[in-house]
$ cat target_7.csv   # CSV, C-alpha atoms and all ligand atoms
chain,number,residue,atom,x,y,z
P,25,MET,CA,150.9,207.9,28.8
P,26,ASP,CA,149.0,204.6,28.3
P,27,LYS,CA,145.8,204.3,30.4
P,28,GLU,CA,146.1,201.7,33.2
P,29,ILE,CA,142.4,201.0,33.4
P,30,LEU,CA,140.7,199.6,30.2
P,31,ASN,CA,137.2,199.1,29.1
P,32,MET,CA,136.1,196.0,27.1
P,33,GLU,CA,137.0,197.3,23.7
P,34,GLU,CA,140.4,198.6,24.9
P,35,ALA,CA,141.2,195.3,26.6
P,36,ALA,CA,140.4,193.3,23.5
P,37,GLU,CA,142.6,195.7,21.5
P,38,PHE,CA,145.3,195.3,24.0
P,39,PHE,CA,145.3,191.6,23.5
P,40,ASN,CA,145.1,192.2,19.7
P,41,VAL,CA,141.9,190.1,19.3
P,42,SER,CA,138.4,190.9,18.1
P,43,ILE,CA,135.8,191.9,20.7
P,44,LYS,CA,134.0,188.6,19.9
P,45,THR,CA,137.1,186.5,20.7
P,46,PHE,CA,137.7,188.5,23.9
P,47,ILE,CA,134.1,188.0,25.1
P,48,LYS,CA,134.5,184.2,24.4
P,49,LEU,CA,137.7,184.3,26.5
P,50,LEU,CA,135.9,186.0,29.4
P,51,LYS,CA,133.3,183.2,29.4
P,52,GLU,CA,135.7,180.4,29.1
P,53,GLU,CA,138.6,181.6,31.3
P,54,LYS,CA,139.1,183.4,34.5
P,55,VAL,CA,140.4,186.7,33.2
P,56,PRO,CA,141.1,189.3,36.0
P,57,ALA,CA,138.3,191.9,35.8
P,58,ARG,CA,135.8,193.8,37.9
P,59,LYS,CA,132.2,194.8,37.1
P,60,ILE,CA,131.8,198.4,38.1
P,61,GLY,CA,128.2,199.4,37.9
P,62,ARG,CA,127.1,197.9,34.6
P,63,GLU,CA,130.5,197.9,32.9
P,64,TRP,CA,133.6,195.7,33.1
P,65,ARG,CA,137.0,197.1,33.7
P,66,PHE,CA,140.5,195.6,33.4
P,67,THR,CA,143.9,196.7,34.3
P,68,ARG,CA,146.8,196.5,31.9
P,69,GLN,CA,149.1,195.1,34.6
P,70,ALA,CA,146.6,192.3,35.6
P,71,LEU,CA,146.0,191.3,32.0
P,72,ILE,CA,149.8,191.1,31.4
P,73,GLN,CA,150.2,189.0,34.5
P,74,TRP,CA,147.4,186.7,33.6
P,75,LEU,CA,148.8,186.3,30.0
P,76,SER,CA,152.3,185.5,31.3
P,77,ALA,CA,151.0,183.0,33.8
P,78,GLY,CA,149.7,180.7,31.0
P,79,ASP,CA,151.7,178.1,29.1
P,80,SER,CA,151.7,176.6,25.7
P,81,GLN,CA,150.9,173.1,26.9
P,82,GLN,CA,147.2,173.6,26.0
P,83,TYR,CA,148.2,174.4,22.4
P,84,SER,CA,150.5,171.3,21.8
P,85,SER,CA,148.2,168.9,23.7
P,86,SER,CA,145.1,170.0,21.7
P,87,ASP,CA,147.0,169.2,18.5
P,88,SER,CA,148.1,165.8,19.7
P,89,ASP,CA,144.6,165.1,21.1
P,90,THR,CA,143.2,165.8,17.6
P,91,LYS,CA,145.7,163.4,16.0
P,92,GLU,CA,145.0,160.7,18.6
P,93,PHE,CA,141.3,161.1,18.1
P,94,PHE,CA,141.5,160.8,14.3
P,95,ASP,CA,144.0,157.9,14.5
P,96,ARG,CA,141.5,156.1,16.8
P,97,VAL,CA,138.3,156.7,14.7
P,98,ALA,CA,140.0,156.2,11.3
P,99,PRO,CA,138.6,152.8,10.5
P,100,GLU,CA,135.0,154.0,11.2
P,101,TRP,CA,135.4,157.6,9.9
P,102,GLU,CA,133.5,156.8,6.7
P,103,SER,CA,130.3,155.8,8.6
P,104,MET,CA,130.8,158.6,11.1
P,105,ARG,CA,131.1,161.1,8.3
P,106,ASP,CA,127.9,159.6,6.7
P,107,GLY,CA,126.1,160.6,9.8
P,108,TYR,CA,127.2,164.2,9.5
P,109,TYR,CA,127.4,165.2,5.8
P,110,ASP,CA,126.8,163.8,2.4
P,111,ASP,CA,128.4,164.3,-1.0
P,112,SER,CA,127.1,167.8,-1.5
P,113,VAL,CA,130.6,169.4,-0.8
P,114,ILE,CA,132.0,167.3,-3.6
P,115,ARG,CA,129.2,168.5,-5.9
P,116,SER,CA,129.9,172.1,-4.9
P,117,LEU,CA,133.6,171.6,-5.7
P,118,LEU,CA,132.7,170.1,-9.1
P,119,GLU,CA,130.3,173.1,-9.8
P,120,THR,CA,133.1,175.6,-9.3
P,121,LYS,CA,134.8,174.2,-12.5
P,122,LEU,CA,138.1,174.7,-10.8
P,123,LEU,CA,139.4,171.2,-11.6
P,124,LYS,CA,141.8,170.9,-14.6
P,125,SER,CA,143.4,167.8,-15.9
P,126,ASP,CA,146.9,169.1,-15.7
P,127,MET,CA,146.8,170.5,-12.1
P,128,THR,CA,148.4,169.5,-8.8
P,129,LEU,CA,145.8,169.6,-6.1
P,130,VAL,CA,146.5,169.6,-2.3
P,131,ASP,CA,143.8,168.2,-0.1
P,132,LEU,CA,144.4,169.5,3.5
P,133,GLY,CA,143.1,167.5,6.4
P,134,ALA,CA,142.3,164.8,3.7
P,135,GLY,CA,141.2,162.1,6.2
P,136,ASP,CA,140.3,158.9,4.4
P,137,GLY,CA,140.2,160.8,1.1
P,138,TYR,CA,136.5,161.9,0.9
P,139,LEU,CA,137.6,164.7,-1.5
P,140,SER,CA,140.9,163.3,-2.8
P,141,ARG,CA,139.4,160.1,-4.1
P,142,ALA,CA,136.4,161.9,-5.6
P,143,VAL,CA,138.5,164.3,-7.7
P,144,ALA,CA,141.7,162.3,-8.4
P,145,SER,CA,140.5,161.1,-11.9
P,146,GLN,CA,139.9,164.8,-12.9
P,147,VAL,CA,143.4,166.2,-12.1
P,148,ASP,CA,147.0,165.2,-12.7
P,149,LYS,CA,148.1,164.8,-9.2
P,150,VAL,CA,146.6,164.9,-5.7
P,151,ILE,CA,148.7,165.5,-2.6
P,152,ALA,CA,146.7,164.4,0.5
P,153,VAL,CA,148.0,165.9,3.7
P,154,ASP,CA,146.8,164.9,7.2
P,155,ILE,CA,148.2,164.9,10.7
P,156,SER,CA,146.7,161.4,11.3
P,157,GLY,CA,148.7,158.6,9.7
P,158,GLU,CA,145.8,156.2,10.4
P,159,MET,CA,143.4,158.3,8.4
P,160,LEU,CA,145.9,158.3,5.5
P,161,LYS,CA,146.3,154.5,5.7
P,162,GLU,CA,142.5,154.3,5.2
P,163,LEU,CA,142.9,156.7,2.2
P,164,ASN,CA,145.6,154.6,0.6
P,165,LYS,CA,143.6,151.4,1.1
P,166,LYS,CA,140.5,152.9,-0.4
P,167,ALA,CA,142.4,154.6,-3.3
P,168,ALA,CA,144.0,151.2,-4.2
P,169,GLN,CA,140.5,149.6,-4.1
P,170,ASP,CA,139.2,152.4,-6.5
P,171,GLY,CA,142.3,151.9,-8.8
P,172,LEU,CA,143.5,155.4,-8.2
P,173,ASP,CA,147.3,155.8,-8.5
P,174,ASN,CA,147.8,159.6,-8.6
P,175,ILE,CA,147.3,160.3,-4.9
P,176,ARG,CA,150.4,160.9,-2.8
P,177,THR,CA,149.8,161.0,1.0
P,178,ILE,CA,151.9,163.1,3.4
P,179,ILE,CA,151.6,163.0,7.2
P,180,ALA,CA,152.1,166.6,8.2
P,181,ASP,CA,150.6,169.5,10.1
P,182,GLY,CA,148.5,171.7,7.8
P,183,CYS,CA,150.2,174.8,9.3
P,184,ASP,CA,153.7,173.6,8.3
P,185,LEU,CA,153.5,171.9,5.0
P,186,PRO,CA,156.6,170.1,3.6
P,187,LEU,CA,155.9,171.5,0.1
P,188,GLU,CA,157.8,174.0,-2.0
P,189,ASP,CA,156.6,177.6,-2.3
P,190,GLU,CA,154.3,178.2,-5.3
P,191,SER,CA,154.2,174.6,-6.3
P,192,VAL,CA,150.4,173.9,-6.3
P,193,ASP,CA,147.5,174.9,-8.4
P,194,LEU,CA,144.6,174.3,-6.1
P,195,VAL,CA,144.2,173.7,-2.3
P,196,CYS,CA,141.0,172.1,-1.1
P,197,ALA,CA,140.1,171.7,2.6
P,198,ASN,CA,136.9,170.1,3.7
P,199,MET,CA,136.1,170.2,7.5
P,200,PHE,CA,139.8,170.9,8.3
P,201,LEU,CA,140.0,174.6,9.4
P,202,HIS,CA,137.7,174.2,12.4
P,203,HIS,CA,140.3,171.8,13.9
P,204,ILE,CA,143.0,174.5,13.7
P,205,GLU,CA,143.7,176.7,16.8
P,206,GLU,CA,145.1,179.5,14.7
P,207,PRO,CA,143.4,179.4,11.3
P,208,ALA,CA,145.5,182.3,10.0
P,209,LEU,CA,148.6,180.1,10.2
P,210,ALA,CA,147.0,177.5,7.9
P,211,ILE,CA,145.7,180.1,5.6
P,212,ARG,CA,149.2,181.6,5.3
P,213,GLU,CA,150.6,178.2,4.5
P,214,ILE,CA,147.9,177.6,1.8
P,215,ARG,CA,149.0,180.9,0.2
P,216,ARG,CA,152.7,180.0,0.4
P,217,VAL,CA,152.3,176.7,-1.5
P,218,LEU,CA,149.9,178.1,-4.1
P,219,LYS,CA,151.2,179.3,-7.5
P,220,ARG,CA,150.4,182.9,-8.4
P,221,GLY,CA,146.7,182.8,-9.6
P,222,GLY,CA,146.2,179.5,-7.8
P,223,LYS,CA,142.9,178.8,-6.1
P,224,VAL,CA,141.6,177.6,-2.8
P,225,PHE,CA,138.3,175.8,-2.2
P,226,LEU,CA,137.2,175.6,1.4
P,227,ALA,CA,134.2,173.9,3.0
P,228,ASP,CA,133.6,174.1,6.7
P,229,LEU,CA,131.0,174.6,9.4
P,230,LYS,CA,129.0,177.8,9.7
P,231,GLU,CA,129.2,179.3,13.2
P,232,HIS,CA,127.0,177.1,15.5
P,233,GLY,CA,126.1,176.8,19.1
P,234,ASN,CA,126.6,173.0,19.5
P,235,ARG,CA,129.4,172.5,22.1
P,236,GLU,CA,129.1,168.8,21.7
P,237,PHE,CA,131.2,169.0,18.4
P,238,LYS,CA,134.0,170.6,20.4
P,239,GLU,CA,134.0,168.0,23.0
P,240,ARG,CA,133.3,164.9,21.0
P,241,MET,CA,134.9,165.7,17.6
P,242,HIS,CA,137.9,167.7,18.9
P,243,ASP,CA,136.8,170.8,17.1
P,244,ALA,CA,138.9,173.9,18.0
P,245,TRP,CA,136.2,176.2,16.6
P,246,GLN,CA,132.4,176.1,16.7
P,247,GLY,CA,132.3,176.9,13.0
P,248,PHE,CA,133.0,180.3,11.5
P,249,SER,CA,131.2,183.5,10.5
P,250,GLN,CA,131.3,184.9,7.0
P,251,ASN,CA,133.2,187.9,8.4
P,252,GLU,CA,135.9,185.9,10.1
P,253,ILE,CA,136.6,183.9,7.0
P,254,LYS,CA,136.6,187.0,4.7
P,255,GLU,CA,138.9,188.9,7.1
P,256,TRP,CA,141.5,186.1,7.5
P,257,PHE,CA,141.7,185.4,3.7
P,258,THR,CA,141.7,189.1,2.8
P,259,LYS,CA,144.4,189.9,5.4
P,260,CYS,CA,146.5,187.1,4.0
P,261,GLY,CA,146.4,188.6,0.5
P,262,PHE,CA,143.7,186.5,-1.2
P,263,ARG,CA,141.4,188.1,-3.7
P,264,ASN,CA,138.2,187.2,-5.5
P,265,ILE,CA,136.9,185.7,-2.2
P,266,SER,CA,133.5,184.2,-2.9
P,267,LEU,CA,131.5,182.6,0.0
P,268,ASP,CA,128.4,180.5,-0.4
P,269,MET,CA,126.6,180.4,2.9
P,270,SER,CA,123.4,178.7,1.6
P,271,SER,CA,122.8,175.5,3.6
P,272,LYS,CA,120.9,173.9,0.8
P,273,LYS,CA,123.9,173.3,-1.3
P,274,ALA,CA,126.0,171.7,1.4
P,275,ALA,CA,124.2,170.6,4.5
P,276,LEU,CA,125.1,169.0,7.7
P,277,LYS,CA,122.8,166.1,8.5
P,278,LYS,CA,122.9,166.6,12.3
P,279,ASN,CA,123.0,170.4,12.5
P,280,ASP,CA,120.7,172.8,10.8
P,281,ASP,CA,123.4,175.5,10.8
P,282,GLY,CA,125.1,173.7,7.9
P,283,ILE,CA,128.2,174.1,5.9
P,284,PHE,CA,129.6,177.0,3.9
P,285,THR,CA,131.9,176.8,0.9
P,286,MET,CA,134.4,179.4,-0.2
P,287,THR,CA,136.7,180.0,-3.2
P,288,ALA,CA,139.5,182.5,-3.4
P,289,GLU,CA,142.5,183.3,-5.6
P,290,LYS,CA,146.1,184.1,-4.7
P,301,LIG,C1,136.6,166.2,10.1
P,301,LIG,S1,138.0,165.4,9.4
P,301,LIG,C2,137.7,165.6,7.7
P,301,LIG,C3,138.4,164.6,6.8
P,301,LIG,C4,138.1,164.7,5.3
P,301,LIG,N1,138.4,166.0,4.8
P,301,LIG,C5,136.6,164.5,5.1
P,301,LIG,O1,135.8,165.4,4.7
P,301,LIG,O2,136.2,163.3,5.4
P,301,LIG,C6,139.3,166.4,9.8
P,301,LIG,C7,140.6,165.9,9.3
P,301,LIG,O3,141.6,167.0,9.6
P,301,LIG,C8,142.8,166.4,10.1
P,301,LIG,N2,143.5,167.4,10.9
P,301,LIG,C9,143.2,167.9,12.0
P,301,LIG,N3,144.1,168.8,12.4
P,301,LIG,C10,145.1,168.8,11.4
P,301,LIG,C11,146.3,169.5,11.3
P,301,LIG,N4,146.8,170.4,12.1
P,301,LIG,N5,147.0,169.2,10.1
P,301,LIG,C12,146.6,168.4,9.2
P,301,LIG,N6,145.5,167.7,9.3
P,301,LIG,C13,144.7,167.9,10.4
P,301,LIG,C14,142.3,165.2,11.0
P,301,LIG,O4,143.3,164.2,11.2
P,301,LIG,C15,141.1,164.7,10.1
P,301,LIG,O5,141.5,163.7,9.2

$ encode --input "target_7.csv" --output "structure tokens"
Amino acid sequence: MDKEILNMEEAAEFFNVSIKTFIKLLKEEKVPARKIGREWRFTRQALIQWLSAGDSQQYSSSDSDTKEFFDRVAPEWESMRDGYYDDSVIRSLLETKLLKSDMTLVDLGAGDGYLSRAVASQVDKVIAVDISGEMLKELNKKAAQDGLDNIRTIIADGCDLPLEDESVDLVCANMFLHHIEEPALAIREIRRVLKRGGKVFLADLKEHGNREFKERMHDAWQGFSQNEIKEWFTKCGFRNISLDMSSKKAALKKNDDGIFTMTAEK
């Protein structure tokens, strides 16, 4: 018979989340629990009740809040971005030698085209996807100014791409994943649209303690650890996962914790 009283590890396992995620939950929410002596205990029944009492409003509103935020800041995104990071992510992408003149590249969470516009002349076609139509308007305006005519923009959720299975050679995503509540969903979608042998280039925030980003920039995650990223991509079936956690290559101007880059293959 299943035990009714659970310790911390068992409770995390019961929710099917890592212990780290569970501890975060305990800090941020009122999960029914009692400290007995030095240890916390949970009951299955109370955990189920607590879980069932929630609703999905928080999920959908966080998505639409993110869209509204980026719609609003779109005209000034370039100068905002300049305050946070420079062109080192673009240099990192070029150094990977992944770009090929006959390829179709998807830029996820493309924004005003920081990556799309930098690489468009080196590939056949860029598909820039973003949930914010205003960001993509900026992208189209700037691409026209730069004389680029091979970038197609699509307003869509990165977790539900209107693209065919196995239709893309390379997916790039700079500063996109930390806006996604369930990164595994976006990673699964990346894998679905990639051709066999297709590659992914990811650049995002390393795990950091700056809550301000969450509140001010609508980040869903305070960056990621190497283990989290490796585990998600491995579970999703990617191979040759290569992470570069050295801040020197891709740094955040306002945060010493910096940026990591990752490449992986389907
Ligand atoms: C921090 S900005 C980065 C933009 C661009 N990649 C850059 O480096 O300048 C994050 C972008 O991801 C987009 N985004 C957030 N959630 C998204 C989602 N669920 N699907 C698609 N795009 C999303 C935002 O609208 C925004 O343009």

$ closest_atom_pairs --input "target_7.csv" --of "chain P" --to "ligand LIG 301 (chain P)" --cutoff "9 Å" --atoms "only C-alpha atoms and all ligand atoms" --output "tab-separated table"
residue	atom	partner	partner_atom	distance
P:Asp87	CA	P:LIG301	N4	6.5
P:Ser88	CA	P:LIG301	N3	8.8
P:Thr90	CA	P:LIG301	C9	6.0
P:Lys91	CA	P:LIG301	O4	5.4
P:Glu92	CA	P:LIG301	O4	8.4
P:Phe93	CA	P:LIG301	O4	7.8
P:Phe94	CA	P:LIG301	O4	4.9
P:Asp95	CA	P:LIG301	O4	7.1
P:Ala98	CA	P:LIG301	O5	7.9
P:Trp101	CA	P:LIG301	O2	7.3
P:Glu102	CA	P:LIG301	O2	7.2
P:Arg105	CA	P:LIG301	O2	6.3
P:Tyr109	CA	P:LIG301	O1	8.5
P:Val113	CA	P:LIG301	O1	8.6
P:Asp131	CA	P:LIG301	N1	7.6
P:Leu132	CA	P:LIG301	N6	6.2
P:Gly133	CA	P:LIG301	O3	3.6
P:Ala134	CA	P:LIG301	N1	4.2
P:Gly135	CA	P:LIG301	O5	3.4
P:Asp136	CA	P:LIG301	O2	6.1
P:Gly137	CA	P:LIG301	C4	6.1
P:Tyr138	CA	P:LIG301	O2	4.7
P:Leu139	CA	P:LIG301	N1	6.5
P:Ser140	CA	P:LIG301	N1	8.4
P:Val153	CA	P:LIG301	C12	6.2
P:Asp154	CA	P:LIG301	N6	3.7
P:Ile155	CA	P:LIG301	C12	4.1
P:Ser156	CA	P:LIG301	O4	4.4
P:Gly157	CA	P:LIG301	O4	7.9
P:Glu158	CA	P:LIG301	O4	8.4
P:Met159	CA	P:LIG301	O5	5.8
P:Leu160	CA	P:LIG301	O5	7.9
P:Ile179	CA	P:LIG301	C12	7.6
P:Ala180	CA	P:LIG301	C12	5.9
P:Asp181	CA	P:LIG301	N5	3.6
P:Gly182	CA	P:LIG301	N5	3.7
P:Cys183	CA	P:LIG301	N4	6.2
P:Asp184	CA	P:LIG301	N5	8.2
P:Leu185	CA	P:LIG301	N5	8.7
P:Cys196	CA	P:LIG301	N1	8.9
P:Ala197	CA	P:LIG301	N1	6.3
P:Asn198	CA	P:LIG301	N1	4.5
P:Met199	CA	P:LIG301	C1	4.8
P:Phe200	CA	P:LIG301	O3	4.5
P:Leu201	CA	P:LIG301	N3	7.7
P:His202	CA	P:LIG301	C9	8.4
P:His203	CA	P:LIG301	N3	5.1
P:Ile204	CA	P:LIG301	N4	5.8
P:Glu205	CA	P:LIG301	N4	8.4
P:Ala210	CA	P:LIG301	N4	8.3
P:Ala227	CA	P:LIG301	O1	8.8
P:Met241	CA	P:LIG301	C1	7.7
P:His242	CA	P:LIG301	C9	8.7
P:Asp243	CA	P:LIG301	C1	8.4

$ residues_around --input "target_7.csv" --residues "P:Glu188" --least-positions-apart "5" --cutoff "12 Å" --atoms "all atoms listed in the file" --output "JSON, numbers by chain"
{"P": [213, 214, 215, 216, 217, 218, 219]}

$ residues_around --input "target_7.csv" --residues "stretch 230-235 of chain P" --least-positions-apart "4" --cutoff "8 Å" --atoms "only C-alpha atoms" --output "list in words"
Glu239, Gln246, Gly247, Phe248, Ser249, Gln250, Met269, Asp281, Gly282, Ile283 and Phe284 of chain P

$ write_last_selection --input "target_7.csv" --atoms "C-alpha atoms" --output "PDB file, keeping the file's coordinate frame"
ATOM      1  CA  GLU P 239     134.000 168.000  23.000  1.00  0.00           C
ATOM      2  CA  GLN P 246     132.400 176.100  16.700  1.00  0.00           C
ATOM      3  CA  GLY P 247     132.300 176.900  13.000  1.00  0.00           C
ATOM      4  CA  PHE P 248     133.000 180.300  11.500  1.00  0.00           C
ATOM      5  CA  SER P 249     131.200 183.500  10.500  1.00  0.00           C
ATOM      6  CA  GLN P 250     131.300 184.900   7.000  1.00  0.00           C
ATOM      7  CA  MET P 269     126.600 180.400   2.900  1.00  0.00           C
ATOM      8  CA  ASP P 281     123.400 175.500  10.800  1.00  0.00           C
ATOM      9  CA  GLY P 282     125.100 173.700   7.900  1.00  0.00           C
ATOM     10  CA  ILE P 283     128.200 174.100   5.900  1.00  0.00           C
ATOM     11  CA  PHE P 284     129.600 177.000   3.900  1.00  0.00           C
TER      12      PHE P 284
END

$ closest_residue --input "target_7.csv" --among "P:Leu50, P:Ile29, P:Val192, P:Val97" --to "P:Gln69" --atoms "all atoms listed in the file"
P:Ile29

$ atom_distance --input "target_7.csv" --atom1 "atom CA of P:Arg141" --atom2 "atom CA of P:Lys254"
28.4 Å

$ closest_residue --input "target_7.csv" --among "P:Arg96, P:Phe38, P:Thr45, P:Asp189" --to "P:Trp245" --atoms "all atoms listed in the file"
P:Thr45

$ atom_distance --input "target_7.csv" --atom1 "atom CA of P:Ile253" --atom2 "atom CA of P:Gln146"
27.8 Å

$ atom_distance --input "target_7.csv" --atom1 "atom CA of P:Trp256" --atom2 "atom CA of P:Ile175"
29.2 Å
